[in-house]
Amino acid sequence: MSLAISSPHAHGGDTIRMTMLTVIIALLPAAMVSVYLFGWLAVFLIVACMLSCLLTEAVCLRMMGRPLKTLLDNSAALTGLFLALTLPASIPWWMAVLGSVFAIVLGKQVYGGLGYNLFNPALSARVILLISFPLGMTSWLIPMHVGPSALNMYDFSAALAFFLHGPEALKLGLDAITMASPLGHVKTEWTQGIGVAEALNSYHYSYLDAFLGREAGSIGETSALALLIGGIYLLARHTITWHIPFAYIGTVLLLAAVFSVISPEHYSPPMFHLFAGGLILCAFFMATDPVSSPVTPLGQIVFGIGCGVLTWAIRTFGGYPEGAMFAVVLMNCAVPLIDHYCRPRAYGHGGS
Amino acid sequence: MPAMLRTLAQKLGMMAHGFHGGVHPHERKLTAGMPIEDCPLAPLYIVPLKQHIGEACTPLVAVGDKVLRGQKIARAEGYVSVPLHAPTSGTVVKIEEHPVVHPSGMSMPCVFIEADGLDEEDHSLERMTNWRDLDAAVLRERVRMCGIAGLGGAVFPTFIKLVQDKKNPIQTLVLNGIECEPYLTNDHQMMLEQAEEVLQGMAIIMHMVGAESGIIAIEDNKSDAARVMRQALAENSELAHVHVAVLPTRYPQGSEKQLIYSLTGKEVPAGKLPLHVGVICQNVGTAKAIRDAVLLGKPLTERLVTVSGDAMPRPANLRVRLGLTLRYVFAQRGLEDFENIQILHGGPMMGERLRIPDVPVIKSSIGLLAMHQDTVMQAHPAEQPCIRCGHCSQACPAALVPNLMADHCRNEQFDKAEAYNLFDCIECGACSYVCPSNIPLVQYFRYGKGQIAQLRREHDFAEASRQRFDARDARLAREKAEKAARRSRVRKELAPAPDKDTTTKVEKSTNDKAEES
Ligand code: SF4
Ligand code: SF4
């Protein structure tokens, strides 16, 4: 291939490194809320995931004979942060480390490294963890400020003991420190024939708490407010475009609205869907992961709609209470196809 | 439904700035507002015999011949070509190969003229002050004779575009004063200083193509030029249906097809020309050159050049005779040492990187930039893997998907690259400009286009050889069959009872072969 340097001889200055860093910055509000809710456990989880992702990446780069300075592209650090924010605070350290290794090795490097992965590395690792450890991955600690819990996560040594050795180390029964997530609660009640309104009632569900993040869930997904701040920042910096998050969230809201109007007892209302689980985190951060989402605007809209439909369907009809992460991973598979069929109409080719 | 969504998505992307995509590079118009200065005359001029696409010209002069400024020194060959003229008066001293403007530093036959310092002009072409009464064909021949080619940088022979086609009548002349490349300011300055002449050129072109209306397109970073042109229009009673359109500053607004879309909302269909949507575009410099050719009988021997760049001691807008070397022009503005300097011919977005300054200024020399080596190298860091961020698609004015197209070029899947409309890429570089992975997308596209062109040539060649071969085979077979037929005839004549079957078979196969060949 001829390598005569060709025009343009100017560059806008964007780099992978800055792009990834922008996303990390956008996640900071959510990370801060996670620390507020889960104290030291959130800190440990984030640090463990980021460090093990970086370490795994370094080992992989070494083994493949690639330069170690590739680490500086911030992509491994971002994967670690992503993964941590999607995990429950209750998991033991080794599960976090295992997840990080999965994310880097199975989620990214086996495909050939950054840019070649079909799935979002963090999400694919989370899905593997969820399938392998269904119980550990769905035990939600009662967050600080939310309800009485036997575990004080602001206490460094207690939190460290919990993180390293599990609840047994503190002689705590899981029941005393965990609660159901709103999605999980509604699903369980539903299987016992209890309607949505009543289920929300018995949960003492409050939209304001859900918006602010004072509810059980993965450490980074609870606060819609913090995530929206980050999402708006990404939009403002042009790191992401509106297509995926709007199509995704819009689809979920639309489906939820239509069905909850048809049968309010059977289907959760749209606002509940919006604030529950990982929808906002997925819509603004996971589904917009550049590598595993479509490149064209139309493709991104199609992708967003697909994610929305799947998320709503899994939540409503599936075995798992939460479907957002599955939805994104499933739609990741369709990206090459979507890209192929959703190319923009090139200038001068038909149209008006 | 998908079509509707698609249009909607694109419309949303387009609203902000007319055409789809685009970027806004640092303008760096160091020479904005600097009056045009004449580059001093030099003792030696080098005129390359090929300055545009099409065939090279054939020299009409021999070593030792005396020439005048504007005298024709080379004849056009083929249709897509215009003649060349002596840039000053003097003597032809040699005709030989010399490095020309090309990234590879390649050489080409050139006419060397030693100036006599008198700069005497050739007045053999009469002034056509009565151009309004003249037939378009006469004017068109004058434009061709005067060697005028698109001075916006593409240098396509201008006369070819100046046609009146019954099937595709031209309604609108677009005068392109956009100049969206960073650094360049010569069109801008021409509009400021020579508005009158530019408008005269515009009137002549409108007369030639039968256009009823005209639009002078200017970016909003040159509002002074817009003001001056409006003023000049107000004083010009002849150009009643011409107006100035101020467009948002956005690269590549000046690209013909994008400009037409921004102004008229019409897209030039792929593989067609602007005239198919009733428009022609001319650069302001070209309009002025046409005016000089018609009103003054002056062939094209000079052009405006922006001499600039971040390593240029004294940037300027210069009127430069074609044939002066870049080294000479740079020296006039204080640049003599080319250590750690990168020379760009044209703007930073679409210009070529030259290896040496010892090449002559040609008709396409819109800008000569002296850049610090580091500045240029910083724009070309090591390529990283594509992270599929889609920024390139968002920036592409042709609404292509550059990253996928580049994948196909890289993997030598040229048929797929073509299916992704590789040939609609205008090589504007907007995609490479925004790519966070610094993928030299344009380089891949050039490579792909080059390979496809070569494959086509090879295919044509193979096809021709195949046909030759087939013809030869057919001939041999025919000869053999004829021989066999003769033999069997002889045998028939000799033998009392001929074998009927064989004869028919041979005749039949003879017929087949003959048909094929
Ligand atoms: S801008 Fe570069 S990294 Fe982004 S999709 Fe295009 S080629 Fe890939
Ligand atoms: S160089 Fe080609 S592909 Fe890239 S932005 Fe320009 S037209 Fe689009």
# chains A, B, ... in the order shown; residues from 1 in each chain; ligands from 1
$ closest_atom_pairs --of "chain B" --to "ligand 2" --cutoff "8 Å" --atoms "only C-alpha atoms and all ligand atoms" --output "JSON lines"
{"residue": "B:Gly22", "atom": "CA", "partner": "ligand 2", "partner_atom_place_in_ligand_line": "5 (S)", "distance": 7.4}
{"residue": "B:Cys392", "atom": "CA", "partner": "ligand 2", "partner_atom_place_in_ligand_line": "5 (S)", "distance": 6.5}
{"residue": "B:Ser393", "atom": "CA", "partner": "ligand 2", "partner_atom_place_in_ligand_line": "5 (S)", "distance": 7.3}
{"residue": "B:Ala395", "atom": "CA", "partner": "ligand 2", "partner_atom_place_in_ligand_line": "5 (S)", "distance": 5.8}
{"residue": "B:Cys396", "atom": "CA", "partner": "ligand 2", "partner_atom_place_in_ligand_line": "5 (S)", "distance": 3.5}
{"residue": "B:Pro397", "atom": "CA", "partner": "ligand 2", "partner_atom_place_in_ligand_line": "8 (Fe)", "distance": 5.6}
{"residue": "B:Ala398", "atom": "CA", "partner": "ligand 2", "partner_atom_place_in_ligand_line": "7 (S)", "distance": 5.0}
{"residue": "B:Ala399", "atom": "CA", "partner": "ligand 2", "partner_atom_place_in_ligand_line": "8 (Fe)", "distance": 6.6}
{"residue": "B:Leu400", "atom": "CA", "partner": "ligand 2", "partner_atom_place_in_ligand_line": "8 (Fe)", "distance": 5.6}
{"residue": "B:Val401", "atom": "CA", "partner": "ligand 2", "partner_atom_place_in_ligand_line": "3 (S)", "distance": 6.8}
{"residue": "B:Pro402", "atom": "CA", "partner": "ligand 2", "partner_atom_place_in_ligand_line": "3 (S)", "distance": 4.7}
{"residue": "B:Met405", "atom": "CA", "partner": "ligand 2", "partner_atom_place_in_ligand_line": "3 (S)", "distance": 8.0}
{"residue": "B:Leu422", "atom": "CA", "partner": "ligand 2", "partner_atom_place_in_ligand_line": "3 (S)", "distance": 7.6}
{"residue": "B:Asp424", "atom": "CA", "partner": "ligand 2", "partner_atom_place_in_ligand_line": "7 (S)", "distance": 6.9}
{"residue": "B:Cys425", "atom": "CA", "partner": "ligand 2", "partner_atom_place_in_ligand_line": "2 (Fe)", "distance": 3.7}
{"residue": "B:Ile426", "atom": "CA", "partner": "ligand 2", "partner_atom_place_in_ligand_line": "7 (S)", "distance": 4.4}
{"residue": "B:Glu427", "atom": "CA", "partner": "ligand 2", "partner_atom_place_in_ligand_line": "1 (S)", "distance": 3.5}
{"residue": "B:Cys428", "atom": "CA", "partner": "ligand 2", "partner_atom_place_in_ligand_line": "6 (Fe)", "distance": 3.9}
{"residue": "B:Gly429", "atom": "CA", "partner": "ligand 2", "partner_atom_place_in_ligand_line": "1 (S)", "distance": 4.0}
{"residue": "B:Ala430", "atom": "CA", "partner": "ligand 2", "partner_atom_place_in_ligand_line": "5 (S)", "distance": 4.3}
{"residue": "B:Cys431", "atom": "CA", "partner": "ligand 2", "partner_atom_place_in_ligand_line": "5 (S)", "distance": 4.1}
{"residue": "B:Ser432", "atom": "CA", "partner": "ligand 2", "partner_atom_place_in_ligand_line": "4 (Fe)", "distance": 6.5}
{"residue": "B:Leu441", "atom": "CA", "partner": "ligand 2", "partner_atom_place_in_ligand_line": "4 (Fe)", "distance": 6.7}
{"residue": "B:Val442", "atom": "CA", "partner": "ligand 2", "partner_atom_place_in_ligand_line": "1 (S)", "distance": 5.3}
{"residue": "B:Phe445", "atom": "CA", "partner": "ligand 2", "partner_atom_place_in_ligand_line": "2 (Fe)", "distance": 7.4}
$ write_last_selection --atoms "N, CA, C and O atoms" --output "compact mmCIF listing (two decimals), in the first residue's frame"
# COMPACT_ATOMS: atom_id res chain seq x y z
N GLY B 22 -19.38 18.34 7.45
CA GLY B 22 -18.42 19.44 7.40
C GLY B 22 -17.73 19.64 8.73
O GLY B 22 -18.14 19.12 9.76
N CYS B 392 -16.54 10.44 11.63
CA CYS B 392 -16.23 10.63 10.22
C CYS B 392 -17.52 10.69 9.38
O CYS B 392 -17.63 11.53 8.50
N SER B 393 -18.47 9.82 9.70
CA SER B 393 -19.74 9.87 8.96
C SER B 393 -20.44 11.19 9.19
O SER B 393 -21.04 11.77 8.28
N ALA B 395 -19.09 13.96 9.74
CA ALA B 395 -18.39 15.08 9.09
C ALA B 395 -18.44 15.00 7.57
O ALA B 395 -18.20 16.00 6.90
N CYS B 396 -18.77 13.85 7.03
CA CYS B 396 -18.62 13.68 5.58
C CYS B 396 -19.68 14.47 4.80
O CYS B 396 -20.87 14.22 4.93
N PRO B 397 -19.25 15.40 3.96
CA PRO B 397 -20.20 16.21 3.20
C PRO B 397 -20.89 15.42 2.10
O PRO B 397 -21.91 15.85 1.58
N ALA B 398 -20.33 14.27 1.75
CA ALA B 398 -20.98 13.46 0.72
C ALA B 398 -21.88 12.40 1.35
O ALA B 398 -22.44 11.57 0.65
N ALA B 399 -22.03 12.44 2.67
CA ALA B 399 -22.86 11.48 3.41
C ALA B 399 -22.43 10.05 3.15
O ALA B 399 -23.24 9.17 2.89
N LEU B 400 -21.13 9.83 3.20
CA LEU B 400 -20.61 8.47 3.08
C LEU B 400 -20.33 7.92 4.47
O LEU B 400 -20.51 8.63 5.46
N VAL B 401 -19.91 6.67 4.54
CA VAL B 401 -19.52 6.08 5.82
C VAL B 401 -18.02 5.77 5.72
O VAL B 401 -17.63 4.65 5.40
N PRO B 402 -17.20 6.78 5.99
CA PRO B 402 -15.77 6.64 5.70
C PRO B 402 -15.11 5.45 6.38
O PRO B 402 -14.29 4.77 5.76
N MET B 405 -15.86 2.29 4.52
CA MET B 405 -15.26 2.37 3.19
C MET B 405 -13.75 2.13 3.28
O MET B 405 -13.18 1.43 2.45
N LEU B 422 -17.49 4.83 -3.01
CA LEU B 422 -16.13 5.38 -2.92
C LEU B 422 -15.92 6.52 -3.91
O LEU B 422 -15.27 7.52 -3.60
N ASP B 424 -17.85 8.74 -4.90
CA ASP B 424 -18.49 10.01 -4.55
C ASP B 424 -17.68 10.78 -3.53
O ASP B 424 -18.03 11.89 -3.16
N CYS B 425 -16.60 10.18 -3.06
CA CYS B 425 -15.73 10.87 -2.10
C CYS B 425 -15.00 11.98 -2.83
O CYS B 425 -14.41 11.76 -3.88
N ILE B 426 -15.08 13.19 -2.29
CA ILE B 426 -14.42 14.32 -2.93
C ILE B 426 -13.04 14.58 -2.32
O ILE B 426 -12.41 15.59 -2.61
N GLU B 427 -12.59 13.68 -1.46
CA GLU B 427 -11.26 13.77 -0.84
C GLU B 427 -11.07 15.08 -0.09
O GLU B 427 -9.99 15.64 -0.06
N CYS B 428 -12.14 15.55 0.53
CA CYS B 428 -12.05 16.83 1.23
C CYS B 428 -11.26 16.70 2.53
O CYS B 428 -10.75 17.68 3.05
N GLY B 429 -11.18 15.49 3.08
CA GLY B 429 -10.38 15.30 4.29
C GLY B 429 -11.10 15.62 5.59
O GLY B 429 -10.50 15.53 6.65
N ALA B 430 -12.38 15.96 5.53
CA ALA B 430 -13.11 16.26 6.76
C ALA B 430 -13.10 15.05 7.69
O ALA B 430 -12.98 15.19 8.91
N CYS B 431 -13.20 13.86 7.11
CA CYS B 431 -13.24 12.65 7.92
C CYS B 431 -11.93 12.44 8.67
O CYS B 431 -11.91 12.20 9.87
N SER B 432 -10.82 12.54 7.95
CA SER B 432 -9.53 12.37 8.61
C SER B 432 -9.33 13.44 9.67
O SER B 432 -8.73 13.19 10.72
N LEU B 441 -7.78 8.32 6.48
CA LEU B 441 -8.88 7.80 5.64
C LEU B 441 -8.70 8.17 4.18
O LEU B 441 -8.84 7.34 3.28
N VAL B 442 -8.37 9.46 3.94
CA VAL B 442 -8.26 9.91 2.55
C VAL B 442 -7.20 9.10 1.80
O VAL B 442 -7.36 8.77 0.63
N PHE B 445 -8.67 6.05 0.63
CA PHE B 445 -9.59 6.26 -0.49
C PHE B 445 -8.82 6.47 -1.79
O PHE B 445 -9.18 5.95 -2.83
$ residues_near_ligand --ligand "ligand 1" --cutoff "6 Å" --atoms "only C-alpha atoms and all ligand atoms" --output "ChimeraX atom specification"
/B:386-392,403,434-437,439
$ write_last_selection --atoms "all heavy atoms" --output "short mmCIF file (atom, residue, chain, number, x, y, z; two decimals), in the first residue's frame"
data_model
loop_
_atom_site.label_atom_id
_atom_site.label_comp_id
_atom_site.auth_asym_id
_atom_site.auth_seq_id
_atom_site.Cartn_x
_atom_site.Cartn_y
_atom_site.Cartn_z
N CYS B 386 -9.71 1.86 14.54
CA CYS B 386 -10.97 2.60 14.47
C CYS B 386 -11.83 2.22 15.67
O CYS B 386 -12.03 1.04 15.94
CB CYS B 386 -11.69 2.24 13.19
SG CYS B 386 -13.38 2.82 13.10
N ILE B 387 -12.29 3.22 16.40
CA ILE B 387 -13.18 2.91 17.53
C ILE B 387 -14.64 3.09 17.14
O ILE B 387 -15.52 3.13 17.97
CB ILE B 387 -12.84 3.74 18.78
CG1 ILE B 387 -12.90 5.23 18.46
CG2 ILE B 387 -11.50 3.36 19.34
CD1 ILE B 387 -12.93 6.10 19.71
N ARG B 388 -14.88 3.24 15.85
CA ARG B 388 -16.23 3.29 15.30
C ARG B 388 -17.08 4.39 15.94
O ARG B 388 -18.28 4.24 16.16
CB ARG B 388 -16.91 1.92 15.48
CG ARG B 388 -16.15 0.80 14.80
CD ARG B 388 -16.77 -0.56 15.05
NE ARG B 388 -18.21 -0.49 15.21
CZ ARG B 388 -19.08 -0.52 14.22
NH1 ARG B 388 -18.65 -0.66 13.00
NH2 ARG B 388 -20.35 -0.44 14.46
N CYS B 389 -16.45 5.50 16.21
CA CYS B 389 -17.18 6.57 16.88
C CYS B 389 -18.17 7.26 15.95
O CYS B 389 -19.05 7.98 16.41
CB CYS B 389 -16.19 7.60 17.42
SG CYS B 389 -15.26 8.39 16.11
N GLY B 390 -18.00 7.07 14.65
CA GLY B 390 -18.94 7.67 13.72
C GLY B 390 -18.73 9.14 13.43
O GLY B 390 -19.49 9.74 12.68
N HIS B 391 -17.70 9.71 14.01
CA HIS B 391 -17.46 11.13 13.76
C HIS B 391 -17.19 11.40 12.28
O HIS B 391 -17.55 12.44 11.75
CB HIS B 391 -16.29 11.64 14.60
CG HIS B 391 -16.62 11.71 16.06
ND1 HIS B 391 -15.76 12.20 17.00
CD2 HIS B 391 -17.73 11.34 16.73
CE1 HIS B 391 -16.33 12.13 18.19
NE2 HIS B 391 -17.52 11.61 18.05
N CYS B 392 -16.54 10.44 11.63
CA CYS B 392 -16.23 10.63 10.22
C CYS B 392 -17.52 10.69 9.38
O CYS B 392 -17.63 11.53 8.50
CB CYS B 392 -15.30 9.54 9.72
SG CYS B 392 -15.81 7.87 10.13
N ASN B 403 -15.45 5.16 7.63
CA ASN B 403 -14.69 4.10 8.30
C ASN B 403 -14.94 2.74 7.64
O ASN B 403 -14.01 1.97 7.45
CB ASN B 403 -14.99 4.05 9.80
CG ASN B 403 -16.40 3.67 10.12
OD1 ASN B 403 -17.33 4.15 9.48
ND2 ASN B 403 -16.59 2.80 11.10
N VAL B 434 -11.40 14.82 11.70
CA VAL B 434 -12.07 14.59 12.98
C VAL B 434 -11.72 13.25 13.63
O VAL B 434 -12.07 13.03 14.79
CB VAL B 434 -13.61 14.66 12.86
CG1 VAL B 434 -14.06 16.03 12.42
CG2 VAL B 434 -14.12 13.60 11.89
N CYS B 435 -11.06 12.38 12.92
CA CYS B 435 -10.88 11.01 13.42
C CYS B 435 -10.00 10.98 14.67
O CYS B 435 -8.84 11.36 14.63
CB CYS B 435 -10.27 10.12 12.35
SG CYS B 435 -9.94 8.47 12.95
N PRO B 436 -10.53 10.50 15.80
CA PRO B 436 -9.73 10.45 17.02
C PRO B 436 -8.63 9.39 16.94
O PRO B 436 -7.69 9.42 17.72
CB PRO B 436 -10.74 10.10 18.11
CG PRO B 436 -11.85 9.42 17.41
CD PRO B 436 -11.90 10.01 16.02
N SER B 437 -8.77 8.45 16.03
CA SER B 437 -7.76 7.41 15.90
C SER B 437 -6.72 7.77 14.84
O SER B 437 -5.87 6.96 14.52
CB SER B 437 -8.42 6.08 15.54
OG SER B 437 -9.26 5.67 16.58
N ILE B 439 -6.81 7.94 11.70
CA ILE B 439 -6.73 7.04 10.56
C ILE B 439 -6.65 7.88 9.29
O ILE B 439 -7.47 8.77 9.09
CB ILE B 439 -7.97 6.12 10.53
CG1 ILE B 439 -7.98 5.30 11.82
CG2 ILE B 439 -7.95 5.22 9.31
CD1 ILE B 439 -9.22 4.49 12.03
#
$ atom_distance --atom1 "CA of Ile113 in chain B" --atom2 "CA of Thr91 in chain B"
5.4 Å
$ residues_around --residues "Ser75 in chain A" --least-positions-apart "4" --cutoff "8 Å" --atoms "only C-alpha atoms" --output "MDAnalysis selection string"
chainID A and resid 17 20 71 79 114
$ residues_around --residues "range 308-325 of chain B" --least-positions-apart "4" --cutoff "8 Å" --atoms "only C-alpha atoms" --output "PyMOL selection string"
chain B and resi 30-31+34-39+41-42+44-48+87+183-186+189+301-304+329+333-335+341+357-363+367-372
$ interface_residues --of "chain A" --to "chain B" --cutoff "8 Å" --atoms "only C-alpha atoms" --output "compact mmCIF listing (two decimals) with N, CA, C and O atoms, in the first residue's frame"
# COMPACT_ATOMS: atom_id res chain seq x y z
N MET A 1 0.84 -1.20 0.00
CA MET A 1 0.00 0.00 0.00
C MET A 1 0.88 1.25 0.00
O MET A 1 1.85 1.33 0.75
N SER A 2 0.54 2.18 -0.87
CA SER A 2 1.39 3.38 -0.97
C SER A 2 1.25 4.21 0.29
O SER A 2 0.15 4.42 0.80
N LEU A 3 2.36 4.67 0.81
CA LEU A 3 2.26 5.37 2.08
C LEU A 3 2.67 6.83 1.99
O LEU A 3 3.04 7.43 2.99
N ALA A 4 2.58 7.38 0.77
CA ALA A 4 2.82 8.82 0.66
C ALA A 4 1.79 9.51 1.55
O ALA A 4 0.60 9.27 1.41
N ILE A 5 2.28 10.33 2.48
CA ILE A 5 1.35 11.00 3.39
C ILE A 5 0.42 11.89 2.58
O ILE A 5 0.88 12.73 1.82
N SER A 6 -0.85 11.68 2.72
CA SER A 6 -1.74 12.49 1.91
C SER A 6 -2.51 13.46 2.78
O SER A 6 -2.51 13.38 4.00
N SER A 7 -3.17 14.39 2.10
CA SER A 7 -3.95 15.41 2.80
C SER A 7 -5.05 14.72 3.61
O SER A 7 -5.40 13.59 3.31
N PRO A 8 -5.66 15.32 4.57
CA PRO A 8 -5.39 16.68 5.05
C PRO A 8 -4.14 16.75 5.93
O PRO A 8 -3.79 15.78 6.59
N HIS A 9 -3.53 17.93 5.89
CA HIS A 9 -2.35 18.15 6.72
C HIS A 9 -2.72 18.96 7.95
O HIS A 9 -1.95 19.80 8.42
N ALA A 10 -3.93 18.78 8.41
CA ALA A 10 -4.39 19.43 9.63
C ALA A 10 -5.28 18.43 10.33
O ALA A 10 -5.88 17.56 9.69
N HIS A 11 -5.34 18.53 11.64
CA HIS A 11 -6.17 17.58 12.39
C HIS A 11 -6.88 18.31 13.51
O HIS A 11 -6.33 19.22 14.11
N GLY A 12 -8.10 17.88 13.77
CA GLY A 12 -8.91 18.56 14.76
C GLY A 12 -8.45 18.37 16.20
O GLY A 12 -8.90 19.09 17.09
N GLY A 13 -7.59 17.40 16.45
CA GLY A 13 -7.03 17.24 17.79
C GLY A 13 -7.74 16.24 18.67
O GLY A 13 -7.32 16.01 19.80
N ASP A 14 -8.82 15.64 18.18
CA ASP A 14 -9.48 14.61 18.98
C ASP A 14 -8.58 13.38 19.07
O ASP A 14 -7.94 13.01 18.10
N THR A 15 -8.57 12.74 20.25
CA THR A 15 -7.81 11.50 20.38
C THR A 15 -8.67 10.48 21.11
O THR A 15 -9.65 10.84 21.77
N ILE A 16 -8.31 9.22 20.96
CA ILE A 16 -9.04 8.16 21.68
C ILE A 16 -8.94 8.44 23.18
O ILE A 16 -9.92 8.32 23.91
N THR A 19 -11.29 11.07 24.28
CA THR A 19 -12.66 10.58 24.18
C THR A 19 -12.99 9.72 25.39
O THR A 19 -14.03 9.90 26.04
N LEU A 114 -8.95 -3.17 21.27
CA LEU A 114 -9.88 -2.05 21.14
C LEU A 114 -10.29 -1.83 19.68
O LEU A 114 -9.45 -1.82 18.80
N GLY A 115 -11.56 -1.68 19.47
CA GLY A 115 -12.03 -1.37 18.12
C GLY A 115 -12.56 -2.58 17.39
O GLY A 115 -13.29 -2.46 16.42
N TYR A 116 -12.19 -3.77 17.84
CA TYR A 116 -12.62 -4.96 17.12
C TYR A 116 -13.68 -5.75 17.86
O TYR A 116 -14.18 -6.75 17.37
N PRO A 290 -18.88 3.56 21.49
CA PRO A 290 -18.73 3.69 20.04
C PRO A 290 -18.44 2.37 19.35
O PRO A 290 -19.04 2.04 18.33
N VAL A 291 -17.53 1.59 19.94
CA VAL A 291 -17.06 0.40 19.24
C VAL A 291 -18.20 -0.56 18.94
O VAL A 291 -18.28 -1.15 17.87
N SER A 292 -19.11 -0.72 19.93
CA SER A 292 -20.12 -1.76 19.77
C SER A 292 -21.48 -1.21 19.37
O SER A 292 -22.48 -1.90 19.48
N SER A 293 -21.52 0.02 18.89
CA SER A 293 -22.80 0.56 18.40
C SER A 293 -22.65 0.98 16.94
O SER A 293 -21.53 1.13 16.46
N PRO A 294 -23.74 1.19 16.22
CA PRO A 294 -23.64 1.53 14.80
C PRO A 294 -22.98 2.90 14.59
O PRO A 294 -23.00 3.75 15.49
N VAL A 295 -22.41 3.11 13.40
CA VAL A 295 -21.75 4.38 13.15
C VAL A 295 -22.67 5.42 12.51
O VAL A 295 -22.43 6.60 12.61
N THR A 296 -23.72 4.98 11.82
CA THR A 296 -24.51 5.96 11.09
C THR A 296 -25.70 6.40 11.94
O THR A 296 -26.22 5.63 12.75
N PRO A 297 -26.16 7.63 11.76
CA PRO A 297 -27.26 8.15 12.57
C PRO A 297 -28.51 7.27 12.49
O PRO A 297 -29.10 6.94 13.51
N LEU A 298 -28.86 6.87 11.28
CA LEU A 298 -30.06 6.05 11.15
C LEU A 298 -29.86 4.72 11.86
O LEU A 298 -30.75 4.23 12.58
N ARG A 343 -27.01 2.70 5.93
CA ARG A 343 -26.09 3.73 5.47
C ARG A 343 -26.88 4.96 5.06
O ARG A 343 -28.00 4.85 4.56
N PRO A 344 -26.31 6.13 5.27
CA PRO A 344 -27.03 7.32 4.84
C PRO A 344 -27.12 7.33 3.32
O PRO A 344 -26.32 6.70 2.64
N ARG A 345 -28.08 8.03 2.80
CA ARG A 345 -28.17 8.18 1.36
C ARG A 345 -27.07 9.14 0.93
O ARG A 345 -27.05 10.30 1.33
N ALA A 346 -26.15 8.64 0.15
CA ALA A 346 -25.00 9.47 -0.23
C ALA A 346 -25.46 10.62 -1.10
O ALA A 346 -26.46 10.52 -1.81
N TYR A 347 -24.71 11.70 -1.03
CA TYR A 347 -25.02 12.89 -1.85
C TYR A 347 -25.15 12.47 -3.30
O TYR A 347 -24.31 11.77 -3.84
N GLY A 348 -26.24 12.94 -3.92
CA GLY A 348 -26.40 12.70 -5.35
C GLY A 348 -26.96 11.35 -5.72
O GLY A 348 -27.04 11.01 -6.88
N HIS A 349 -27.33 10.55 -4.71
CA HIS A 349 -27.92 9.25 -5.01
C HIS A 349 -29.40 9.27 -4.67
O HIS A 349 -29.79 9.00 -3.54
N GLY A 350 -30.22 9.59 -5.64
CA GLY A 350 -31.67 9.59 -5.45
C GLY A 350 -32.12 10.65 -4.46
O GLY A 350 -31.42 11.62 -4.21
N SER A 352 -34.74 13.61 -2.87
CA SER A 352 -35.43 14.73 -3.47
C SER A 352 -34.45 15.69 -4.10
O SER A 352 -33.35 15.86 -3.64
$ atom_distance --atom1 "CA of Ala56 in chain B" --atom2 "CA of Arg144 in chain B"
15.2 Å
$ residues_around --residues "Met325 in chain A" --least-positions-apart "3" --cutoff "12 Å" --atoms "only C-alpha atoms" --output "number ranges by chain"
A: 82-83, 86-87, 119-128, 130, 218, 221, 277-283, 285-287, 307-308, 310-312, 314-315, 320-322, 328-332
$ residues_around --residues "Trp131 in chain B" --least-positions-apart "6" --cutoff "12 Å" --atoms "only C-alpha atoms" --output "list in words"
Ala137, Val138, Leu139, Arg140, Arg142, Gln200, Gly201, Ala203, Ile204, Ile205, Met206, His207, Met208, Ile290, Arg291, Ala293, Val294, Leu295, Leu296 and Gly297 of chain B
$ atom_distance --atom1 "CA of Glu114 in chain B" --atom2 "CA of Gly346 in chain B"
26.9 Å
$ select_by_dssp --residues "range 98-268 of chain B" --states "alpha helix (DSSP H)" --output "PyMOL selection string"
chain B and resi 136-145+158-161+186-193+195-209+223-234+256-264
$ residues_around --residues "Gly184 in chain A" --least-positions-apart "5" --cutoff "12 Å" --atoms "only C-alpha atoms" --output "count of residues only"
24
$ closest_residue --among "A:Leu274, A:Val146, A:Leu27, A:Val261" --to "Ile229 in chain A" --atoms "only C-alpha atoms"
A:Leu27
$ decode --residues "range 398-412 of chain B" --atoms "C-alpha atoms" --output "CSV table (one decimal), in the first residue's frame"
chain,number,residue,atom,x,y,z
B,398,ALA,CA,-21.0,13.5,0.7
B,399,ALA,CA,-22.9,11.5,3.4
B,400,LEU,CA,-20.6,8.5,3.1
B,401,VAL,CA,-19.5,6.1,5.8
B,402,PRO,CA,-15.8,6.6,5.7
B,403,ASN,CA,-14.7,4.1,8.3
B,404,LEU,CA,-16.4,1.2,6.6
B,405,MET,CA,-15.3,2.4,3.2
B,406,ALA,CA,-11.7,2.5,4.5
B,407,ASP,CA,-12.0,-1.0,5.9
B,408,HIS,CA,-13.0,-2.3,2.4
B,409,CYS,CA,-10.1,-0.4,0.8
B,410,ARG,CA,-7.6,-1.8,3.4
B,411,ASN,CA,-8.9,-5.3,2.9
B,412,GLU,CA,-8.7,-4.8,-0.9
